[in-house]
Amino acid sequence: RIVRLVIEMGYIPIAISCADETRRCWAPPRDIPRIEYALNHPLLLSGLSFHGDDGGDAGRDFDGDGGGGKNEKRGGGGERPERIFSIGASSGGALAAELVTKQISQAAIVMVMSLSDPVVKQMRKSPKPTYFAPMPRDK
């Protein structure tokens, strides 16, 4: 449902898994560099079209080089999207808040029981649009 809503609003959803495959919890020192890597990945930055032959963008010449086909680049590409929003629950909510404080995302939906004092201090110092949904039973 979230992905469908995000797409309907004209955004591109990107799902990234945490590095901890055992506990499945996010750890900002380990996971933030992985997120930055994903957001700067050449495939994402290239603006590739993945539409099929259903009347989408396939076969169009977006960059004026006379080419086409389903992997034609849109425009110049090469830049990270201007607006990145993060959504997370539990340890993912804490990570979403950290992404805002580090200016990796411009807004966040944060679903957590609590946040660390340094993150709260940074969020107060440089506020960004953030929606907090308390999770009192989260541990």
# chains A, B, ... in the order shown; residues from 1 in each chain; ligands from 1

$ residues_around --residues "range 113-130 of chain A" --least-positions-apart "4" --cutoff "10 Å" --atoms "only C-alpha atoms" --output "ChimeraX atom specification"
/A:85-87,89-91,93-103,105-109,134-139

$ residues_around --residues "Ala38 in chain A" --least-positions-apart "4" --cutoff "12 Å" --atoms "only C-alpha atoms" --output "JSON, numbers by chain"
{"A": [14, 15, 16, 17, 31, 32, 33, 34, 42, 43, 44, 45, 80, 104]}
